[in-house]
Each structure stands twice: as structure tokens, then as C-alpha cells.
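Undergrad: Sharing work_12.cif here; it has mmCIF, N, CA and C atoms; chains and numbers go by the auth columns.
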```cif
data_structure
loop_
_atom_site.group_PDB
_atom_site.id
_atom_site.type_symbol
_atom_site.label_atom_id
_atom_site.label_comp_id
_atom_site.label_asym_id
_atom_site.label_seq_id
_atom_site.Cartn_x
_atom_site.Cartn_y
_atom_site.Cartn_z
_atom_site.B_iso_or_equiv
_atom_site.auth_seq_id
_atom_site.auth_asym_id
ATOM 1 N N MET A 1 85.158 20.659 62.673 0.00 1 K
ATOM 2 C CA MET A 1 85.027 21.427 61.437 0.00 1 K
ATOM 3 C C MET A 1 86.432 21.650 60.869 0.00 1 K
ATOM 4 N N GLY A 2 86.593 21.414 59.571 0.00 2 K
ATOM 5 C CA GLY A 2 87.883 21.598 58.914 0.00 2 K
ATOM 6 C C GLY A 2 88.260 23.063 58.820 0.00 2 K
ATOM 7 N N SER A 3 89.504 23.316 58.462 0.00 3 K
ATOM 8 C CA SER A 3 89.965 24.702 58.346 0.00 3 K
ATOM 9 C C SER A 3 89.296 25.386 57.159 0.00 3 K
ATOM 10 N N LEU A 4 89.122 26.659 57.263 0.00 4 K
ATOM 11 C CA LEU A 4 88.508 27.444 56.201 0.00 4 K
ATOM 12 C C LEU A 4 89.487 27.626 55.053 0.00 4 K
ATOM 13 N N LEU A 5 88.963 27.724 53.848 0.00 5 K
ATOM 14 C CA LEU A 5 89.790 27.916 52.664 0.00 5 K
ATOM 15 C C LEU A 5 90.647 29.171 52.768 0.00 5 K
ATOM 16 N N ILE A 6 90.111 30.242 53.361 0.00 6 K
ATOM 17 C CA ILE A 6 90.869 31.492 53.478 0.00 6 K
ATOM 18 C C ILE A 6 92.147 31.279 54.275 0.00 6 K
ATOM 19 N N ASN A 7 92.106 30.376 55.246 0.00 7 K
ATOM 20 C CA ASN A 7 93.295 30.121 56.065 0.00 7 K
ATOM 21 C C ASN A 7 94.391 29.420 55.276 0.00 7 K
ATOM 22 N N LYS A 8 94.038 28.819 54.149 0.00 8 K
ATOM 23 C CA LYS A 8 95.007 28.129 53.315 0.00 8 K
ATOM 24 C C LYS A 8 95.570 29.026 52.219 0.00 8 K
ATOM 25 N N ARG A 9 94.989 30.195 52.063 0.00 9 K
ATOM 26 C CA ARG A 9 95.424 31.121 51.016 0.00 9 K
ATOM 27 C C ARG A 9 96.731 31.780 51.427 0.00 9 K
ATOM 28 N N PRO A 10 97.773 31.700 50.587 0.00 10 K
ATOM 29 C CA PRO A 10 99.034 32.371 50.923 0.00 10 K
ATOM 30 C C PRO A 10 98.816 33.873 51.103 0.00 10 K
ATOM 31 N N GLY A 11 99.351 34.403 52.174 0.00 11 K
ATOM 32 C CA GLY A 11 99.235 35.839 52.433 0.00 11 K
ATOM 33 C C GLY A 11 97.948 36.262 53.105 0.00 11 K
ATOM 34 N N SER A 12 97.063 35.321 53.424 0.00 12 K
ATOM 35 C CA SER A 12 95.769 35.712 54.001 0.00 12 K
ATOM 36 C C SER A 12 95.922 36.434 55.334 0.00 12 K
ATOM 37 N N LEU A 13 96.961 36.132 56.061 0.00 13 K
ATOM 38 C CA LEU A 13 97.168 36.802 57.344 0.00 13 K
ATOM 39 C C LEU A 13 97.731 38.207 57.176 0.00 13 K
ATOM 40 N N ASP A 14 98.158 38.550 55.965 0.00 14 K
ATOM 41 C CA ASP A 14 98.705 39.882 55.691 0.00 14 K
ATOM 42 C C ASP A 14 97.630 40.883 55.286 0.00 14 K
ATOM 43 N N ILE A 15 96.415 40.425 55.053 0.00 15 K
ATOM 44 C CA ILE A 15 95.329 41.308 54.625 0.00 15 K
ATOM 45 C C ILE A 15 94.917 42.177 55.806 0.00 15 K
ATOM 46 N N LYS A 16 94.965 43.481 55.601 0.00 16 K
ATOM 47 C CA LYS A 16 94.632 44.434 56.655 0.00 16 K
ATOM 48 C C LYS A 16 93.429 45.279 56.234 0.00 16 K
ATOM 49 N N PRO A 17 92.474 45.487 57.127 0.00 17 K
ATOM 50 C CA PRO A 17 91.341 46.355 56.782 0.00 17 K
ATOM 51 C C PRO A 17 91.786 47.809 56.671 0.00 17 K
ATOM 52 N N ALA A 18 90.977 48.601 56.021 0.00 18 K
ATOM 53 C CA ALA A 18 91.270 50.025 55.845 0.00 18 K
ATOM 54 C C ALA A 18 91.452 50.687 57.205 0.00 18 K
ATOM 55 N N SER A 19 92.468 51.555 57.279 0.00 19 K
ATOM 56 C CA SER A 19 92.700 52.258 58.539 0.00 19 K
ATOM 57 C C SER A 19 93.356 53.622 58.336 0.00 19 K
ATOM 58 N N GLN A 20 93.639 53.987 57.091 0.00 20 K
ATOM 59 C CA GLN A 20 94.343 55.251 56.863 0.00 20 K
ATOM 60 C C GLN A 20 93.438 56.444 57.093 0.00 20 K
ATOM 61 N N SER A 21 94.055 57.573 57.396 0.00 21 K
ATOM 62 C CA SER A 21 93.269 58.775 57.674 0.00 21 K
ATOM 63 C C SER A 21 93.209 59.724 56.481 0.00 21 K
ATOM 64 N N ARG A 22 94.099 59.541 55.503 0.00 22 K
ATOM 65 C CA ARG A 22 94.083 60.373 54.297 0.00 22 K
ATOM 66 C C ARG A 22 94.294 59.485 53.091 0.00 22 K
ATOM 67 N N PRO A 23 93.694 59.833 51.948 0.00 23 K
ATOM 68 C CA PRO A 23 93.894 59.028 50.747 0.00 23 K
ATOM 69 C C PRO A 23 95.261 59.275 50.125 0.00 23 K
ATOM 70 N N PHE A 24 95.702 58.333 49.330 0.00 24 K
ATOM 71 C CA PHE A 24 96.929 58.483 48.554 0.00 24 K
ATOM 72 C C PHE A 24 96.554 59.067 47.206 0.00 24 K
ATOM 73 N N GLN A 25 97.196 60.155 46.801 0.00 25 K
ATOM 74 C CA GLN A 25 96.899 60.790 45.518 0.00 25 K
ATOM 75 C C GLN A 25 97.749 60.138 44.439 0.00 25 K
ATOM 76 N N ILE A 26 97.103 59.465 43.493 0.00 26 K
ATOM 77 C CA ILE A 26 97.802 58.789 42.401 0.00 26 K
ATOM 78 C C ILE A 26 98.210 59.782 41.327 0.00 26 K
ATOM 79 N N ASN A 27 97.292 60.689 40.968 0.00 27 K
ATOM 80 C CA ASN A 27 97.599 61.781 40.031 0.00 27 K
ATOM 81 C C ASN A 27 96.652 62.933 40.352 0.00 27 K
ATOM 82 N N ASP A 28 96.477 63.863 39.429 0.00 28 K
ATOM 83 C CA ASP A 28 95.662 65.050 39.708 0.00 28 K
ATOM 84 C C ASP A 28 94.188 64.749 39.969 0.00 28 K
ATOM 85 N N PHE A 29 93.703 63.591 39.542 0.00 29 K
ATOM 86 C CA PHE A 29 92.266 63.328 39.670 0.00 29 K
ATOM 87 C C PHE A 29 91.919 61.924 40.163 0.00 29 K
ATOM 88 N N ILE A 30 92.892 61.122 40.539 0.00 30 K
ATOM 89 C CA ILE A 30 92.626 59.778 41.068 0.00 30 K
ATOM 90 C C ILE A 30 93.218 59.656 42.469 0.00 30 K
ATOM 91 N N PHE A 31 92.382 59.175 43.399 0.00 31 K
ATOM 92 C CA PHE A 31 92.792 58.991 44.792 0.00 31 K
ATOM 93 C C PHE A 31 92.511 57.554 45.215 0.00 31 K
ATOM 94 N N LEU A 32 93.367 57.027 46.079 0.00 32 K
ATOM 95 C CA LEU A 32 93.265 55.650 46.561 0.00 32 K
ATOM 96 C C LEU A 32 93.094 55.645 48.068 0.00 32 K
ATOM 97 N N SER A 33 92.135 54.865 48.536 0.00 33 K
ATOM 98 C CA SER A 33 91.995 54.564 49.948 0.00 33 K
ATOM 99 C C SER A 33 92.255 53.068 50.085 0.00 33 K
ATOM 100 N N GLU A 34 93.379 52.729 50.720 0.00 34 K
ATOM 101 C CA GLU A 34 93.781 51.326 50.812 0.00 34 K
ATOM 102 C C GLU A 34 93.015 50.583 51.891 0.00 34 K
ATOM 103 N N GLY A 35 92.860 49.295 51.688 0.00 35 K
ATOM 104 C CA GLY A 35 92.222 48.436 52.666 0.00 35 K
ATOM 105 C C GLY A 35 92.286 47.002 52.197 0.00 35 K
ATOM 106 N N ALA A 36 91.543 46.141 52.853 0.00 36 K
ATOM 107 C CA ALA A 36 91.462 44.754 52.408 0.00 36 K
ATOM 108 C C ALA A 36 90.926 44.733 50.980 0.00 36 K
ATOM 109 N N SER A 37 90.092 45.694 50.674 0.00 37 K
ATOM 110 C CA SER A 37 89.584 45.892 49.320 0.00 37 K
ATOM 111 C C SER A 37 89.750 47.384 49.006 0.00 37 K
ATOM 112 N N ASN A 38 90.743 47.707 48.190 0.00 38 K
ATOM 113 C CA ASN A 38 91.033 49.110 47.882 0.00 38 K
ATOM 114 C C ASN A 38 89.856 49.801 47.209 0.00 38 K
ATOM 115 N N SER A 39 89.746 51.094 47.446 0.00 39 K
ATOM 116 C CA SER A 39 88.705 51.912 46.844 0.00 39 K
ATOM 117 C C SER A 39 89.373 53.110 46.163 0.00 39 K
ATOM 118 N N TYR A 40 88.832 53.512 45.019 0.00 40 K
ATOM 119 C CA TYR A 40 89.403 54.609 44.234 0.00 40 K
ATOM 120 C C TYR A 40 88.342 55.658 43.957 0.00 40 K
ATOM 121 N N LEU A 41 88.722 56.916 44.066 0.00 41 K
ATOM 122 C CA LEU A 41 87.870 58.036 43.687 0.00 41 K
ATOM 123 C C LEU A 41 88.491 58.687 42.461 0.00 41 K
ATOM 124 N N ILE A 42 87.701 58.822 41.404 0.00 42 K
ATOM 125 C CA ILE A 42 88.147 59.507 40.192 0.00 42 K
ATOM 126 C C ILE A 42 87.277 60.745 40.039 0.00 42 K
ATOM 127 N N GLU A 43 87.898 61.903 40.008 0.00 43 K
ATOM 128 C CA GLU A 43 87.174 63.153 39.839 0.00 43 K
ATOM 129 C C GLU A 43 87.113 63.498 38.356 0.00 43 K
ATOM 130 N N THR A 44 85.924 63.804 37.858 0.00 44 K
ATOM 131 C CA THR A 44 85.768 64.230 36.473 0.00 44 K
ATOM 132 C C THR A 44 84.913 65.493 36.441 0.00 44 K
ATOM 133 N N SER A 45 84.900 66.160 35.309 0.00 45 K
ATOM 134 C CA SER A 45 84.071 67.361 35.167 0.00 45 K
ATOM 135 C C SER A 45 82.585 67.012 35.195 0.00 45 K
ATOM 136 N N GLU A 46 82.254 65.772 34.913 0.00 46 K
ATOM 137 C CA GLU A 46 80.856 65.317 34.917 0.00 46 K
ATOM 138 C C GLU A 46 80.412 64.835 36.296 0.00 46 K
ATOM 139 N N GLY A 47 81.354 64.665 37.213 0.00 47 K
ATOM 140 C CA GLY A 47 81.037 64.167 38.553 0.00 47 K
ATOM 141 C C GLY A 47 82.059 63.129 38.991 0.00 47 K
ATOM 142 N N ASN A 48 81.889 62.658 40.188 0.00 48 K
ATOM 143 C CA ASN A 48 82.820 61.681 40.753 0.00 48 K
ATOM 144 C C ASN A 48 82.478 60.265 40.314 0.00 48 K
ATOM 145 N N ILE A 49 83.527 59.444 40.237 0.00 49 K
ATOM 146 C CA ILE A 49 83.356 58.019 39.973 0.00 49 K
ATOM 147 C C ILE A 49 84.040 57.286 41.115 0.00 49 K
ATOM 148 N N LEU A 50 83.324 56.381 41.747 0.00 50 K
ATOM 149 C CA LEU A 50 83.885 55.576 42.813 0.00 50 K
ATOM 150 C C LEU A 50 84.076 54.163 42.281 0.00 50 K
ATOM 151 N N ILE A 51 85.313 53.689 42.305 0.00 51 K
ATOM 152 C CA ILE A 51 85.631 52.343 41.853 0.00 51 K
ATOM 153 C C ILE A 51 85.817 51.482 43.083 0.00 51 K
ATOM 154 N N ASN A 52 85.001 50.482 43.235 0.00 52 K
ATOM 155 C CA ASN A 52 85.051 49.535 44.344 0.00 52 K
ATOM 156 C C ASN A 52 84.850 50.256 45.675 0.00 52 K
ATOM 157 N N THR A 53 83.713 50.066 46.265 0.00 53 K
ATOM 158 C CA THR A 53 83.417 50.727 47.528 0.00 53 K
ATOM 159 C C THR A 53 84.115 50.066 48.711 0.00 53 K
ATOM 160 N N GLY A 54 84.805 48.942 48.468 0.00 54 K
ATOM 161 C CA GLY A 54 85.498 48.255 49.552 0.00 54 K
ATOM 162 C C GLY A 54 84.539 47.386 50.353 0.00 54 K
ATOM 163 N N LEU A 55 85.059 46.776 51.393 0.00 55 K
ATOM 164 C CA LEU A 55 84.228 45.972 52.279 0.00 55 K
ATOM 165 C C LEU A 55 83.299 46.875 53.070 0.00 55 K
ATOM 166 N N GLY A 56 82.140 46.373 53.407 0.00 56 K
ATOM 167 C CA GLY A 56 81.163 47.175 54.135 0.00 56 K
ATOM 168 C C GLY A 56 81.719 47.794 55.404 0.00 56 K
ATOM 169 N N VAL A 57 82.525 47.042 56.127 0.00 57 K
ATOM 170 C CA VAL A 57 83.085 47.566 57.377 0.00 57 K
ATOM 171 C C VAL A 57 84.119 48.657 57.128 0.00 57 K
ATOM 172 N N GLU A 58 84.634 48.744 55.891 0.00 58 K
ATOM 173 C CA GLU A 58 85.624 49.760 55.557 0.00 58 K
ATOM 174 C C GLU A 58 85.000 51.040 55.006 0.00 58 K
ATOM 175 N N ALA A 59 83.728 51.016 54.685 0.00 59 K
ATOM 176 C CA ALA A 59 83.067 52.144 54.036 0.00 59 K
ATOM 177 C C ALA A 59 83.263 53.475 54.767 0.00 59 K
ATOM 178 N N PRO A 60 83.096 53.545 56.083 0.00 60 K
ATOM 179 C CA PRO A 60 83.286 54.841 56.757 0.00 60 K
ATOM 180 C C PRO A 60 84.711 55.382 56.615 0.00 60 K
ATOM 181 N N ILE A 61 85.694 54.516 56.585 0.00 61 K
ATOM 182 C CA ILE A 61 87.087 54.956 56.449 0.00 61 K
ATOM 183 C C ILE A 61 87.342 55.464 55.041 0.00 61 K
ATOM 184 N N HIS A 62 86.880 54.717 54.027 0.00 62 K
ATOM 185 C CA HIS A 62 87.038 55.171 52.645 0.00 62 K
ATOM 186 C C HIS A 62 86.323 56.503 52.438 0.00 62 K
ATOM 187 N N LYS A 63 85.095 56.616 52.960 0.00 63 K
ATOM 188 C CA LYS A 63 84.329 57.862 52.799 0.00 63 K
ATOM 189 C C LYS A 63 85.053 59.029 53.459 0.00 63 K
ATOM 190 N N ASN A 64 85.572 58.819 54.654 0.00 64 K
ATOM 191 C CA ASN A 64 86.306 59.884 55.343 0.00 64 K
ATOM 192 C C ASN A 64 87.512 60.332 54.526 0.00 64 K
ATOM 193 N N CYS A 65 88.241 59.394 53.954 0.00 65 K
ATOM 194 C CA CYS A 65 89.400 59.742 53.128 0.00 65 K
ATOM 195 C C CYS A 65 88.982 60.591 51.931 0.00 65 K
ATOM 196 N N PHE A 66 87.972 60.136 51.217 0.00 66 K
ATOM 197 C CA PHE A 66 87.567 60.835 49.998 0.00 66 K
ATOM 198 C C PHE A 66 86.889 62.166 50.287 0.00 66 K
ATOM 199 N N ASP A 67 86.197 62.272 51.405 0.00 67 K
ATOM 200 C CA ASP A 67 85.582 63.552 51.777 0.00 67 K
ATOM 201 C C ASP A 67 86.629 64.638 52.005 0.00 67 K
ATOM 202 N N GLN A 68 87.843 64.255 52.342 0.00 68 K
ATOM 203 C CA GLN A 68 88.903 65.228 52.591 0.00 68 K
ATOM 204 C C GLN A 68 89.422 65.868 51.309 0.00 68 K
ATOM 205 N N VAL A 69 89.259 65.188 50.177 0.00 69 K
ATOM 206 C CA VAL A 69 89.787 65.727 48.912 0.00 69 K
ATOM 207 C C VAL A 69 88.702 66.189 47.959 0.00 69 K
ATOM 208 N N ASN A 70 87.449 65.857 48.236 0.00 70 K
ATOM 209 C CA ASN A 70 86.389 66.219 47.321 0.00 70 K
ATOM 210 C C ASN A 70 85.092 66.379 48.073 0.00 70 K
ATOM 211 N N ASP A 71 84.416 67.498 47.863 0.00 71 K
ATOM 212 C CA ASP A 71 83.165 67.737 48.573 0.00 71 K
ATOM 213 C C ASP A 71 81.938 67.637 47.676 0.00 71 K
ATOM 214 N N LYS A 72 82.103 67.138 46.447 0.00 72 K
ATOM 215 C CA LYS A 72 80.953 66.945 45.570 0.00 72 K
ATOM 216 C C LYS A 72 80.063 65.859 46.156 0.00 72 K
ATOM 217 N N LYS A 73 78.789 66.019 46.032 0.00 73 K
ATOM 218 C CA LYS A 73 77.834 65.070 46.594 0.00 73 K
ATOM 219 C C LYS A 73 77.213 64.167 45.536 0.00 73 K
ATOM 220 N N ASP A 74 77.829 64.123 44.323 0.00 74 K
ATOM 221 C CA ASP A 74 77.261 63.297 43.253 0.00 74 K
ATOM 222 C C ASP A 74 78.006 61.993 43.107 0.00 74 K
#
```
Show the structure stored in the file as C-alpha cells.

TA:
Amino acid sequence: MGSLLINKRPGSLDIKPASQSRPFQINDFIFLSEGASNSYLIETSEGNILINTGLGVEAPIHKNCFDQVNDKKD
């Protein structure tokens, strides 16, 4: 079997799954949880907006990060 396309992508070995314990605060209402696929929480008066939930295996880490800064369930 030939090599996978991902192995030919420059920087593919640098991709790291989410592992942080706290989100990075971008400004007063936007938070970032880094990973192979970054996830963002935007807090608004109408409710939370989640941009990109990340890879499925990263979901618990992203959720843990965002739960630390916001307890809204919407």
C-alpha cells in the first residue's frame, strides 16, 4: 500500500490534538481551545456560539476548557 496523502503534507507531523486545560482568552467574549482543529466560544447576550467543535476525539477537552469560563447551557 502506498503512503497516505497526509504523510506527504508539509507540517503534518506537527499537528497536535487538543490537550490544554484552560482556554486562551482572545478578548472579553471570545475564547479559543487549541487542537488539531481549533474551537472557539463566543459569548453573546443572546447565548453562546460555538465555532468549530473540533475533532470528535477532542470534544471533551474543548468542552472542559469552555465550561471553565462559561456555565450557560444554551

Undergrad: Please give the complete set of residues from range 7-66 of chain K that DSSP, run on the backbone, assigns to alpha helix (DSSP H), formatted as a ChimeraX atom specification.

TA: /K:7-8,59-66

Undergrad: Output the selection as a short mmCIF file (atom, residue, chain, number, x, y, z; two decimals), keeping the file's coordinate frame - N, CA and C atoms for each residue.

TA:
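Output below, filename selection07.cif:
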```
data_model
loop_
_atom_site.label_atom_id
_atom_site.label_comp_id
_atom_site.auth_asym_id
_atom_site.auth_seq_id
_atom_site.Cartn_x
_atom_site.Cartn_y
_atom_site.Cartn_z
N ASN K 7 92.11 30.38 55.25
CA ASN K 7 93.30 30.12 56.06
C ASN K 7 94.39 29.42 55.28
N LYS K 8 94.04 28.82 54.15
CA LYS K 8 95.01 28.13 53.32
C LYS K 8 95.57 29.03 52.22
N ALA K 59 83.73 51.02 54.68
CA ALA K 59 83.07 52.14 54.04
C ALA K 59 83.26 53.48 54.77
N PRO K 60 83.10 53.54 56.08
CA PRO K 60 83.29 54.84 56.76
C PRO K 60 84.71 55.38 56.62
N ILE K 61 85.69 54.52 56.58
CA ILE K 61 87.09 54.96 56.45
C ILE K 61 87.34 55.46 55.04
N HIS K 62 86.88 54.72 54.03
CA HIS K 62 87.04 55.17 52.64
C HIS K 62 86.32 56.50 52.44
N LYS K 63 85.10 56.62 52.96
CA LYS K 63 84.33 57.86 52.80
C LYS K 63 85.05 59.03 53.46
N ASN K 64 85.57 58.82 54.65
CA ASN K 64 86.31 59.88 55.34
C ASN K 64 87.51 60.33 54.53
N CYS K 65 88.24 59.39 53.95
CA CYS K 65 89.40 59.74 53.13
C CYS K 65 88.98 60.59 51.93
N PHE K 66 87.97 60.14 51.22
CA PHE K 66 87.57 60.84 50.00
C PHE K 66 86.89 62.17 50.29
#
```

Undergrad: Rank K:Gly56, K:Glu43, K:Gln68, K:Pro17 by their smallest atom-to-atom distance to Phe29 in chain K, using only N, CA and C atoms, and report the top residue only.

TA: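 Selected residue with least distance to Phe29 in chain K: K:Glu43.
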
Undergrad: Can you measure CA of Glu46 in chain K to CA of Glu34 in chain K for me? One decimal in Å is fine.

TA: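 So the two atoms, CA of Glu46 in chain K and CA of Glu34 in chain K, lie 24.8 Å apart.
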
Undergrad: Starting from the displayed file, determine the output of the PyMOL selection byres (((chain K and resi 52 and name CA) around 12) and name CA) and express the residue list as a ChimeraX atom specification.

TA: /K:32-42,49-51,53-56,58-59,62-63

Undergrad: Hey, what comes out of the PyMOL selection byres ((chain K and resi 65) around 7) on this file? Could you write it as a ChimeraX atom specification?

TA: /K:20-23,33,60-64,66-70

Undergrad: Which of chain K counts as strand (DSSP E or B) under DSSP, as a ChimeraX atom specification please?

TA: /K:24-25,30-33,39-44,47-51

Undergrad: Just to confirm, what's the straight-line distance from CA of Asp28 in chain K to atom C of Val57 in chain K in Å (one decimal)?

TA: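 Calculated distance between CA of Asp28 in chain K and atom C of Val57 in chain K is 26.6 Å.
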
Undergrad: Emit as JSON the padded axis-aligned box for all listed atoms of range 31-45 of chain K, 4 Å per side, with centre and edge lengths in Å to one decimal.

TA:
```
{"center_x": 88.2, "center_y": 56.0, "center_z": 44.0, "size_x": 19.2, "size_y": 30.6, "size_z": 25.7}
```

Undergrad: How far is it from CA of Lys16 in chain K to atom N of Ile30 in chain K, in Å with one decimal?

TA: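 Separating CA of Lys16 in chain K from atom N of Ile30 in chain K is a distance of 23.3 Å.
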